[in-house]
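Coordinates as given in query_3.cif (mmCIF, C-alpha atoms):
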```cif
data_work
#
loop_
_atom_site.group_PDB
_atom_site.id
_atom_site.type_symbol
_atom_site.label_atom_id
_atom_site.label_comp_id
_atom_site.auth_asym_id
_atom_site.auth_seq_id
_atom_site.Cartn_x
_atom_site.Cartn_y
_atom_site.Cartn_z
ATOM 1 C CA MET T 1 -45.057 68.347 -20.834
ATOM 2 C CA LYS T 2 -45.374 67.150 -24.443
ATOM 3 C CA ASN T 3 -43.686 63.855 -25.418
ATOM 4 C CA VAL T 4 -43.260 62.931 -21.725
ATOM 5 C CA LYS T 5 -45.739 61.018 -19.597
ATOM 6 C CA THR T 6 -45.808 58.603 -16.691
ATOM 7 C CA ILE T 7 -47.684 55.336 -17.211
ATOM 8 C CA ASN T 8 -48.906 53.109 -14.407
ATOM 9 C CA PHE T 9 -48.881 49.427 -15.249
ATOM 10 C CA ARG T 10 -50.719 46.573 -13.598
ATOM 11 C CA ASN T 11 -48.939 45.104 -10.611
ATOM 12 C CA ILE T 12 -50.227 41.558 -10.252
ATOM 13 C CA GLY T 13 -49.677 39.766 -6.958
ATOM 14 C CA ASP T 14 -49.498 40.281 -3.243
ATOM 15 C CA GLU T 15 -46.861 40.518 -0.509
ATOM 16 C CA SER T 16 -45.419 37.169 -1.661
ATOM 17 C CA GLY T 17 -44.315 38.715 -4.982
ATOM 18 C CA TYR T 18 -45.358 40.956 -7.880
ATOM 19 C CA LEU T 19 -45.486 40.622 -11.650
ATOM 20 C CA THR T 20 -45.720 43.711 -13.863
ATOM 21 C CA PRO T 21 -46.605 43.024 -17.517
ATOM 22 C CA ILE T 22 -46.039 45.465 -20.394
ATOM 23 C CA GLU T 23 -47.551 44.547 -23.743
ATOM 24 C CA ALA T 24 -45.849 46.265 -26.693
ATOM 25 C CA GLU T 25 -48.134 48.593 -28.695
ATOM 26 C CA ARG T 26 -50.888 48.100 -26.102
ATOM 27 C CA ASP T 27 -49.648 49.217 -22.688
ATOM 28 C CA ILE T 28 -47.082 51.500 -24.324
ATOM 29 C CA PRO T 29 -47.476 53.474 -27.580
ATOM 30 C CA PHE T 30 -44.753 51.668 -29.557
ATOM 31 C CA GLY T 31 -43.296 48.284 -30.538
ATOM 32 C CA ILE T 32 -40.138 47.105 -28.770
ATOM 33 C CA LYS T 33 -37.027 46.557 -30.881
ATOM 34 C CA ARG T 34 -34.438 47.047 -28.160
ATOM 35 C CA VAL T 35 -34.204 46.639 -24.410
ATOM 36 C CA TYR T 36 -31.329 47.876 -22.293
ATOM 37 C CA TYR T 37 -30.700 48.311 -18.624
ATOM 38 C CA ILE T 38 -28.367 50.354 -16.490
ATOM 39 C CA THR T 39 -26.961 48.773 -13.333
ATOM 40 C CA GLY T 40 -24.120 49.245 -10.870
ATOM 41 C CA VAL T 41 -24.147 53.031 -11.127
ATOM 42 C CA ARG T 42 -21.807 54.634 -8.615
ATOM 43 C CA SER T 43 -23.260 57.191 -6.228
ATOM 44 C CA GLY T 44 -22.903 60.708 -7.620
ATOM 45 C CA GLU T 45 -22.752 59.617 -11.273
ATOM 46 C CA ARG T 46 -24.937 61.440 -13.769
ATOM 47 C CA ARG T 47 -25.751 59.807 -17.122
ATOM 48 C CA GLY T 48 -27.725 60.524 -20.268
ATOM 49 C CA PHE T 49 -26.953 64.024 -21.577
ATOM 50 C CA HIS T 50 -28.609 63.458 -24.932
ATOM 51 C CA SER T 51 -31.843 63.604 -26.860
ATOM 52 C CA HIS T 52 -33.182 61.333 -29.576
ATOM 53 C CA ARG T 53 -34.560 62.647 -32.844
ATOM 54 C CA ASP T 54 -37.162 59.922 -33.462
ATOM 55 C CA LEU T 55 -36.861 57.244 -30.790
ATOM 56 C CA HIS T 56 -39.630 56.411 -28.317
ATOM 57 C CA GLN T 57 -38.561 55.000 -24.966
ATOM 58 C CA LEU T 58 -40.018 53.782 -21.730
ATOM 59 C CA LEU T 59 -37.987 53.865 -18.521
ATOM 60 C CA ILE T 60 -38.767 51.712 -15.489
ATOM 61 C CA CYS T 61 -36.763 51.491 -12.303
ATOM 62 C CA VAL T 62 -37.337 47.827 -11.396
ATOM 63 C CA SER T 63 -35.084 47.933 -8.323
ATOM 64 C CA GLY T 64 -34.161 50.919 -6.151
ATOM 65 C CA SER T 65 -34.710 54.488 -7.314
ATOM 66 C CA VAL T 66 -33.387 57.054 -9.778
ATOM 67 C CA LYS T 67 -34.199 60.627 -10.769
ATOM 68 C CA ILE T 68 -34.770 61.637 -14.384
ATOM 69 C CA LEU T 69 -34.446 65.203 -15.636
ATOM 70 C CA VAL T 70 -36.415 65.813 -18.833
ATOM 71 C CA LYS T 71 -35.915 69.110 -20.575
ATOM 72 C CA THR T 72 -36.829 71.123 -23.670
ATOM 73 C CA PRO T 73 -35.780 74.692 -24.537
ATOM 74 C CA PHE T 74 -39.037 75.784 -22.838
ATOM 75 C CA GLU T 75 -39.473 73.731 -19.692
ATOM 76 C CA GLU T 76 -37.920 71.096 -17.491
ATOM 77 C CA LYS T 77 -39.049 68.571 -14.944
ATOM 78 C CA ILE T 78 -37.560 66.020 -12.565
ATOM 79 C CA ILE T 79 -39.344 62.687 -12.172
ATOM 80 C CA ILE T 80 -38.474 60.201 -9.432
ATOM 81 C CA LEU T 81 -38.779 56.583 -10.500
ATOM 82 C CA ASP T 82 -38.960 54.264 -7.490
ATOM 83 C CA LYS T 83 -41.828 51.846 -8.193
ATOM 84 C CA PRO T 84 -41.521 48.867 -10.544
ATOM 85 C CA TYR T 85 -45.052 49.439 -11.879
ATOM 86 C CA GLU T 86 -44.450 53.090 -12.827
ATOM 87 C CA GLY T 87 -42.969 53.843 -16.247
ATOM 88 C CA LEU T 88 -41.758 57.086 -17.772
ATOM 89 C CA TYR T 89 -42.466 57.458 -21.486
ATOM 90 C CA ILE T 90 -40.069 59.793 -23.316
ATOM 91 C CA GLY T 91 -40.764 60.578 -26.978
ATOM 92 C CA PRO T 92 -38.637 62.393 -29.563
ATOM 93 C CA MET T 93 -36.673 65.606 -28.943
ATOM 94 C CA ILE T 94 -36.479 65.505 -25.156
ATOM 95 C CA TRP T 95 -33.136 66.123 -23.463
ATOM 96 C CA ARG T 96 -32.649 63.706 -20.554
ATOM 97 C CA GLU T 97 -30.253 63.219 -17.663
ATOM 98 C CA MET T 98 -30.346 60.437 -15.046
ATOM 99 C CA PHE T 99 -28.947 60.876 -11.544
ATOM 100 C CA ASP T 100 -29.228 59.855 -7.886
ATOM 101 C CA PHE T 101 -29.195 56.148 -8.718
ATOM 102 C CA SER T 102 -29.647 54.297 -5.417
ATOM 103 C CA GLU T 103 -27.216 51.514 -4.596
ATOM 104 C CA GLY T 104 -28.204 48.299 -6.353
ATOM 105 C CA SER T 105 -30.735 50.080 -8.566
ATOM 106 C CA ALA T 106 -31.632 48.775 -12.018
ATOM 107 C CA LEU T 107 -33.130 51.054 -14.656
ATOM 108 C CA VAL T 108 -34.727 49.172 -17.559
ATOM 109 C CA VAL T 109 -35.379 50.967 -20.857
ATOM 110 C CA LEU T 110 -37.615 49.737 -23.687
ATOM 111 C CA ALA T 111 -36.900 51.381 -27.053
ATOM 112 C CA SER T 112 -38.873 51.571 -30.306
ATOM 113 C CA GLU T 113 -35.899 51.052 -32.638
ATOM 114 C CA HIS T 114 -32.604 49.234 -32.834
ATOM 115 C CA TYR T 115 -29.555 51.236 -31.806
ATOM 116 C CA SER T 116 -28.683 54.009 -34.245
ATOM 117 C CA GLU T 117 -26.014 56.577 -33.433
ATOM 118 C CA ASP T 118 -27.535 58.940 -36.057
ATOM 119 C CA ASP T 119 -30.620 59.311 -33.906
ATOM 120 C CA TYR T 120 -28.685 60.782 -30.960
ATOM 121 C CA ILE T 121 -28.081 64.469 -30.290
ATOM 122 C CA ARG T 122 -25.331 64.670 -27.676
ATOM 123 C CA ASP T 123 -24.439 68.355 -27.930
ATOM 124 C CA TYR T 124 -26.811 70.644 -26.002
ATOM 125 C CA PRO T 125 -26.566 73.731 -28.282
ATOM 126 C CA GLN T 126 -27.256 71.487 -31.287
ATOM 127 C CA TYR T 127 -30.199 69.942 -29.420
ATOM 128 C CA GLU T 128 -31.583 73.376 -28.576
ATOM 129 C CA LYS T 129 -31.440 74.452 -32.222
ATOM 130 C CA GLU T 130 -33.175 71.330 -33.540
ATOM 131 C CA ALA T 131 -35.659 71.311 -30.662
ATOM 132 C CA ARG T 132 -36.802 74.902 -31.298
ATOM 133 C CA GLU T 133 -37.503 73.959 -34.889
ATOM 134 C CA TYR T 134 -39.208 70.684 -33.937
ATOM 135 C CA TRP T 135 -41.441 72.264 -31.312
ATOM 136 C CA SER T 136 -42.301 75.327 -33.432
ATOM 137 C CA LYS T 137 -44.037 72.971 -35.873
ATOM 138 C CA ARG T 138 -46.037 71.362 -33.066
ATOM 139 C CA SER T 139 -47.226 74.216 -30.888
ATOM 140 C CA MET B 1 -30.476 20.800 -23.271
ATOM 141 C CA LYS B 2 -32.617 21.604 -26.324
ATOM 142 C CA ASN B 3 -34.652 24.854 -26.316
ATOM 143 C CA VAL B 4 -32.611 26.197 -23.379
ATOM 144 C CA LYS B 5 -29.438 28.223 -23.591
ATOM 145 C CA THR B 6 -27.577 30.934 -21.715
ATOM 146 C CA ILE B 7 -26.631 34.042 -23.685
ATOM 147 C CA ASN B 8 -23.961 36.511 -22.618
ATOM 148 C CA PHE B 9 -24.680 40.081 -23.642
ATOM 149 C CA ARG B 10 -22.336 43.020 -23.911
ATOM 150 C CA ASN B 11 -21.786 44.876 -20.669
ATOM 151 C CA ILE B 12 -20.745 48.381 -21.627
ATOM 152 C CA GLY B 13 -19.096 50.542 -18.994
ATOM 153 C CA ASP B 14 -16.777 50.427 -16.034
ATOM 154 C CA GLU B 15 -16.995 50.583 -12.239
ATOM 155 C CA SER B 16 -18.961 53.865 -12.526
ATOM 156 C CA GLY B 17 -21.903 52.033 -14.150
ATOM 157 C CA TYR B 18 -22.917 49.441 -16.748
ATOM 158 C CA LEU B 19 -25.288 49.355 -19.700
ATOM 159 C CA THR B 20 -26.420 46.038 -21.177
ATOM 160 C CA PRO B 21 -28.155 46.288 -24.575
ATOM 161 C CA ILE B 22 -30.356 43.581 -26.095
ATOM 162 C CA GLU B 23 -31.419 44.066 -29.706
ATOM 163 C CA ALA B 24 -34.558 42.096 -30.626
ATOM 164 C CA GLU B 25 -34.040 39.466 -33.361
ATOM 165 C CA ARG B 26 -30.290 40.130 -33.245
ATOM 166 C CA ASP B 27 -28.955 39.439 -29.752
ATOM 167 C CA ILE B 28 -31.874 37.095 -29.053
ATOM 168 C CA PRO B 29 -33.609 34.766 -31.543
ATOM 169 C CA PHE B 30 -37.035 36.455 -31.462
ATOM 170 C CA GLY B 31 -38.916 39.767 -31.622
ATOM 171 C CA ILE B 32 -40.220 41.263 -28.375
ATOM 172 C CA LYS B 33 -43.981 41.703 -28.000
ATOM 173 C CA ARG B 34 -44.142 41.626 -24.222
ATOM 174 C CA VAL B 35 -41.892 42.448 -21.289
ATOM 175 C CA TYR B 36 -42.653 41.576 -17.695
ATOM 176 C CA TYR B 37 -40.721 41.560 -14.477
ATOM 177 C CA ILE B 38 -41.009 39.859 -11.143
ATOM 178 C CA THR B 39 -40.086 41.834 -8.025
ATOM 179 C CA GLY B 40 -40.607 41.744 -4.273
ATOM 180 C CA VAL B 41 -40.616 37.955 -4.062
ATOM 181 C CA ARG B 42 -40.688 36.724 -0.492
ATOM 182 C CA SER B 43 -37.925 34.399 0.633
ATOM 183 C CA GLY B 44 -38.956 30.760 0.220
ATOM 184 C CA GLU B 45 -41.498 31.459 -2.536
ATOM 185 C CA ARG B 46 -41.391 29.280 -5.633
ATOM 186 C CA ARG B 47 -43.025 30.506 -8.861
ATOM 187 C CA GLY B 48 -43.521 29.389 -12.446
ATOM 188 C CA PHE B 49 -44.827 25.792 -12.531
ATOM 189 C CA HIS B 50 -45.781 25.915 -16.183
ATOM 190 C CA SER B 51 -44.580 25.429 -19.734
ATOM 191 C CA HIS B 52 -45.437 27.336 -22.887
ATOM 192 C CA ARG B 53 -46.471 25.614 -26.096
ATOM 193 C CA ASP B 54 -44.992 28.133 -28.550
ATOM 194 C CA LEU B 55 -43.588 31.118 -26.644
ATOM 195 C CA HIS B 56 -39.909 32.094 -26.679
ATOM 196 C CA GLN B 57 -38.603 33.904 -23.625
ATOM 197 C CA LEU B 58 -35.445 35.408 -22.274
ATOM 198 C CA LEU B 59 -34.892 35.764 -18.523
ATOM 199 C CA ILE B 60 -32.410 38.202 -16.999
ATOM 200 C CA CYS B 61 -31.873 38.854 -13.321
ATOM 201 C CA VAL B 62 -30.993 42.571 -13.415
ATOM 202 C CA SER B 63 -30.697 42.891 -9.640
ATOM 203 C CA GLY B 64 -29.852 40.196 -7.082
ATOM 204 C CA SER B 65 -30.051 36.504 -7.903
ATOM 205 C CA VAL B 66 -32.563 33.740 -8.624
ATOM 206 C CA LYS B 67 -32.450 30.048 -9.504
ATOM 207 C CA ILE B 68 -34.329 28.636 -12.478
ATOM 208 C CA LEU B 69 -35.242 24.969 -12.808
ATOM 209 C CA VAL B 70 -35.808 23.931 -16.435
ATOM 210 C CA LYS B 71 -37.184 20.482 -17.053
ATOM 211 C CA THR B 72 -38.426 18.122 -19.754
ATOM 212 C CA PRO B 73 -39.643 14.516 -19.331
ATOM 213 C CA PHE B 74 -36.044 13.480 -20.057
ATOM 214 C CA GLU B 75 -33.730 15.852 -18.203
ATOM 215 C CA GLU B 76 -33.590 18.774 -15.830
ATOM 216 C CA LYS B 77 -31.170 21.504 -14.934
ATOM 217 C CA ILE B 78 -30.848 24.356 -12.443
ATOM 218 C CA ILE B 79 -29.389 27.641 -13.676
ATOM 219 C CA ILE B 80 -28.352 30.442 -11.318
ATOM 220 C CA LEU B 81 -28.959 33.910 -12.724
ATOM 221 C CA ASP B 82 -26.950 36.536 -10.835
ATOM 222 C CA LYS B 83 -25.340 38.743 -13.495
ATOM 223 C CA PRO B 84 -27.233 41.460 -15.402
ATOM 224 C CA TYR B 85 -25.388 40.596 -18.630
ATOM 225 C CA GLU B 86 -26.316 36.882 -18.532
ATOM 226 C CA GLY B 87 -29.631 35.837 -20.064
ATOM 227 C CA LEU B 88 -31.418 32.499 -20.075
ATOM 228 C CA TYR B 89 -33.289 31.693 -23.281
ATOM 229 C CA ILE B 90 -36.203 29.273 -22.837
ATOM 230 C CA GLY B 91 -38.012 28.054 -25.950
ATOM 231 C CA PRO B 92 -41.242 26.075 -26.314
ATOM 232 C CA MET B 93 -42.193 23.037 -24.220
ATOM 233 C CA ILE B 94 -39.884 23.545 -21.257
ATOM 234 C CA TRP B 95 -41.305 23.245 -17.745
ATOM 235 C CA ARG B 96 -39.873 25.981 -15.494
ATOM 236 C CA GLU B 97 -39.821 26.870 -11.807
ATOM 237 C CA MET B 98 -38.148 29.914 -10.222
ATOM 238 C CA PHE B 99 -36.927 29.938 -6.624
ATOM 239 C CA ASP B 100 -34.370 31.326 -4.190
ATOM 240 C CA PHE B 101 -35.086 34.927 -5.187
ATOM 241 C CA SER B 102 -32.662 37.106 -3.220
ATOM 242 C CA GLU B 103 -34.086 40.065 -1.315
ATOM 243 C CA GLY B 104 -34.610 43.029 -3.635
ATOM 244 C CA SER B 105 -34.071 40.905 -6.761
ATOM 245 C CA ALA B 106 -35.688 41.805 -10.080
ATOM 246 C CA LEU B 107 -36.179 39.184 -12.771
ATOM 247 C CA VAL B 108 -36.935 40.673 -16.209
ATOM 248 C CA VAL B 109 -38.514 38.507 -18.907
ATOM 249 C CA LEU B 110 -38.712 39.323 -22.624
ATOM 250 C CA ALA B 111 -41.361 37.344 -24.511
ATOM 251 C CA SER B 112 -41.984 36.721 -28.217
ATOM 252 C CA GLU B 113 -45.785 37.103 -28.092
ATOM 253 C CA HIS B 114 -48.481 39.016 -26.297
ATOM 254 C CA TYR B 115 -50.053 37.264 -23.320
ATOM 255 C CA SER B 116 -52.181 34.273 -24.273
ATOM 256 C CA GLU B 117 -53.567 31.921 -21.643
ATOM 257 C CA ASP B 118 -54.020 29.229 -24.347
ATOM 258 C CA ASP B 119 -50.257 28.978 -24.694
ATOM 259 C CA TYR B 120 -49.756 27.908 -21.062
ATOM 260 C CA ILE B 121 -49.633 24.340 -19.759
ATOM 261 C CA ARG B 122 -50.011 24.537 -15.983
ATOM 262 C CA ASP B 123 -50.687 20.878 -15.190
ATOM 263 C CA TYR B 124 -47.536 18.733 -15.052
ATOM 264 C CA PRO B 125 -49.084 15.421 -16.259
ATOM 265 C CA GLN B 126 -50.619 17.297 -19.204
ATOM 266 C CA TYR B 127 -47.232 18.934 -19.887
ATOM 267 C CA GLU B 128 -45.501 15.552 -19.783
ATOM 268 C CA LYS B 129 -47.932 14.074 -22.307
ATOM 269 C CA GLU B 130 -47.601 16.977 -24.763
ATOM 270 C CA ALA B 131 -43.842 17.206 -24.226
ATOM 271 C CA ARG B 132 -43.245 13.525 -25.051
ATOM 272 C CA GLU B 133 -45.099 14.020 -28.313
ATOM 273 C CA TYR B 134 -43.331 17.315 -29.072
ATOM 274 C CA TRP B 135 -39.865 15.956 -28.378
ATOM 275 C CA SER B 136 -40.469 12.633 -30.194
ATOM 276 C CA LYS B 137 -40.853 14.616 -33.417
ATOM 277 C CA ARG B 138 -37.570 16.418 -32.784
ATOM 278 C CA SER B 139 -35.124 13.760 -31.603
#
```

Would you give me this structure, written as structure tokens?
Amino acid sequence: MKNVKTINFRNIGDESGYLTPIEAERDIPFGIKRVYYITGVRSGERRGFHSHRDLHQLLICVSGSVKILVKTPFEEKIIILDKPYEGLYIGPMIWREMFDFSEGSALVVLASEHYSEDDYIRDYPQYEKEAREYWSKRS
Amino acid sequence: MKNVKTINFRNIGDESGYLTPIEAERDIPFGIKRVYYITGVRSGERRGFHSHRDLHQLLICVSGSVKILVKTPFEEKIIILDKPYEGLYIGPMIWREMFDFSEGSALVVLASEHYSEDDYIRDYPQYEKEAREYWSKRS
């Protein structure tokens, strides 16, 4: 699926503890201007429901597990994140929803730009329209 | 204590889930070139035992809790990190040790530079010598 890929990072250590390093612009294809994390999500909650026009992001579930739905007008896929050393890269124009957060889970997101509301598409029909145009130029 | 401070971030949400955003060079006093996280630490393990010469870091315990000892030749302090919206900034020339990781805890660290072994001081007597010189220029 274009603009979506899983990345396996190094996982340095042994059963006494692990360290996972991510070097900006080396281990991931962008510089990091923003980090955010989602915690304390109640069972049954579903989050996301948007796409970004230009933003690049990397999602890592550093504790517990979560499912990520990634979707375009042409295909969709569900990825389970449950290993701290496994990241999910999501590029521009991908609709995403997050669900099945396990109790105590923590989802960390690295983003290529500072927060900008203008970069969000939160309405699915609007997303579909822009996405068809975006992807028609790239197929 | 100089070069050490706790920073409280926004914690957006309610009992259905929280999002904590950290904007590089805005919410923290540096740009982010590296992110790493420490997970799966066995009870009783103590980590760290080093200082950095120039690196700026921010530590956040996004799941569970951990204690951080920060130390100079002149003073020391133990900080408990147990809230996802509370960060600990550690600047240059601070000796640090991490311990009492709770089961399932995840400690996320944002760093101002890519990994460089030359920036580490791992020997305490060597740290003490360099730190006395560093701090004598800044008192």

Give me, as an mmCIF file with C-alpha atoms, keeping the file's coordinate frame, the contact residues of chain T against chain B at a cut-off of 8 Å, counting all atoms listed in the file.
```cif
data_model
loop_
_atom_site.group_PDB
_atom_site.id
_atom_site.type_symbol
_atom_site.label_atom_id
_atom_site.label_comp_id
_atom_site.auth_asym_id
_atom_site.auth_seq_id
_atom_site.Cartn_x
_atom_site.Cartn_y
_atom_site.Cartn_z
ATOM 1 C CA GLU T 15 -46.861 40.518 -0.509
ATOM 2 C CA SER T 16 -45.419 37.169 -1.661
ATOM 3 C CA GLY T 17 -44.315 38.715 -4.982
ATOM 4 C CA TYR T 18 -45.358 40.956 -7.880
ATOM 5 C CA LEU T 19 -45.486 40.622 -11.650
ATOM 6 C CA THR T 20 -45.720 43.711 -13.863
ATOM 7 C CA PRO T 21 -46.605 43.024 -17.517
ATOM 8 C CA ILE T 22 -46.039 45.465 -20.394
ATOM 9 C CA GLU T 23 -47.551 44.547 -23.743
ATOM 10 C CA ALA T 24 -45.849 46.265 -26.693
ATOM 11 C CA GLY T 31 -43.296 48.284 -30.538
ATOM 12 C CA ILE T 32 -40.138 47.105 -28.770
ATOM 13 C CA LYS T 33 -37.027 46.557 -30.881
ATOM 14 C CA ARG T 34 -34.438 47.047 -28.160
ATOM 15 C CA VAL T 35 -34.204 46.639 -24.410
ATOM 16 C CA TYR T 36 -31.329 47.876 -22.293
ATOM 17 C CA TYR T 37 -30.700 48.311 -18.624
ATOM 18 C CA ILE T 38 -28.367 50.354 -16.490
ATOM 19 C CA THR T 39 -26.961 48.773 -13.333
ATOM 20 C CA GLY T 40 -24.120 49.245 -10.870
ATOM 21 C CA VAL T 41 -24.147 53.031 -11.127
ATOM 22 C CA ARG T 42 -21.807 54.634 -8.615
ATOM 23 C CA GLU T 45 -22.752 59.617 -11.273
ATOM 24 C CA VAL T 62 -37.337 47.827 -11.396
ATOM 25 C CA SER T 63 -35.084 47.933 -8.323
ATOM 26 C CA PRO T 84 -41.521 48.867 -10.544
ATOM 27 C CA GLY T 104 -28.204 48.299 -6.353
ATOM 28 C CA SER T 105 -30.735 50.080 -8.566
ATOM 29 C CA ALA T 106 -31.632 48.775 -12.018
ATOM 30 C CA HIS T 114 -32.604 49.234 -32.834
ATOM 31 C CA TYR T 115 -29.555 51.236 -31.806
#
```

_Can you translate the PyMOL selection byres ((chain T and resi 91) around 12) into the concrete residues it hits in this file, as JSON, numbers by chain?_
{"T": [1, 2, 3, 4, 5, 6, 28, 29, 30, 51, 52, 53, 54, 55, 56, 57, 58, 59, 70, 71, 72, 88, 89, 90, 92, 93, 94, 95, 96, 110, 111, 112]}

- prompt: What separation in Å, quoted to one decimal, exists between CA of Arg138 in chain B and CA of Glu86 in chain B?
  reply: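 These two atoms are separated by 27.4 Å.
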
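The point (-43.1, 13.1, -17.7) has these residues within 12 Å of it, counting only C-alpha atoms: Lys71, Thr72, Pro73, Phe74, Glu75, Glu76, Met93, Ile94, Trp95, Asp123, Tyr124, Pro125, Gln126, Tyr127, Glu128, Lys129, Glu130, Ala131, Arg132, Glu133 and Trp135 of chain B.
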
Starting from 5 Å padding per side, set up an axis-aligned box that covers all listed atoms of range 70-74 of chain B and hand over centre and edge lengths in Å, one decimal, as AutoDock Vina command-line options.
```
--center_x -37.7 --center_y 18.7 --center_z -18.2 --size_x 13.8 --size_y 20.5 --size_z 13.6
```
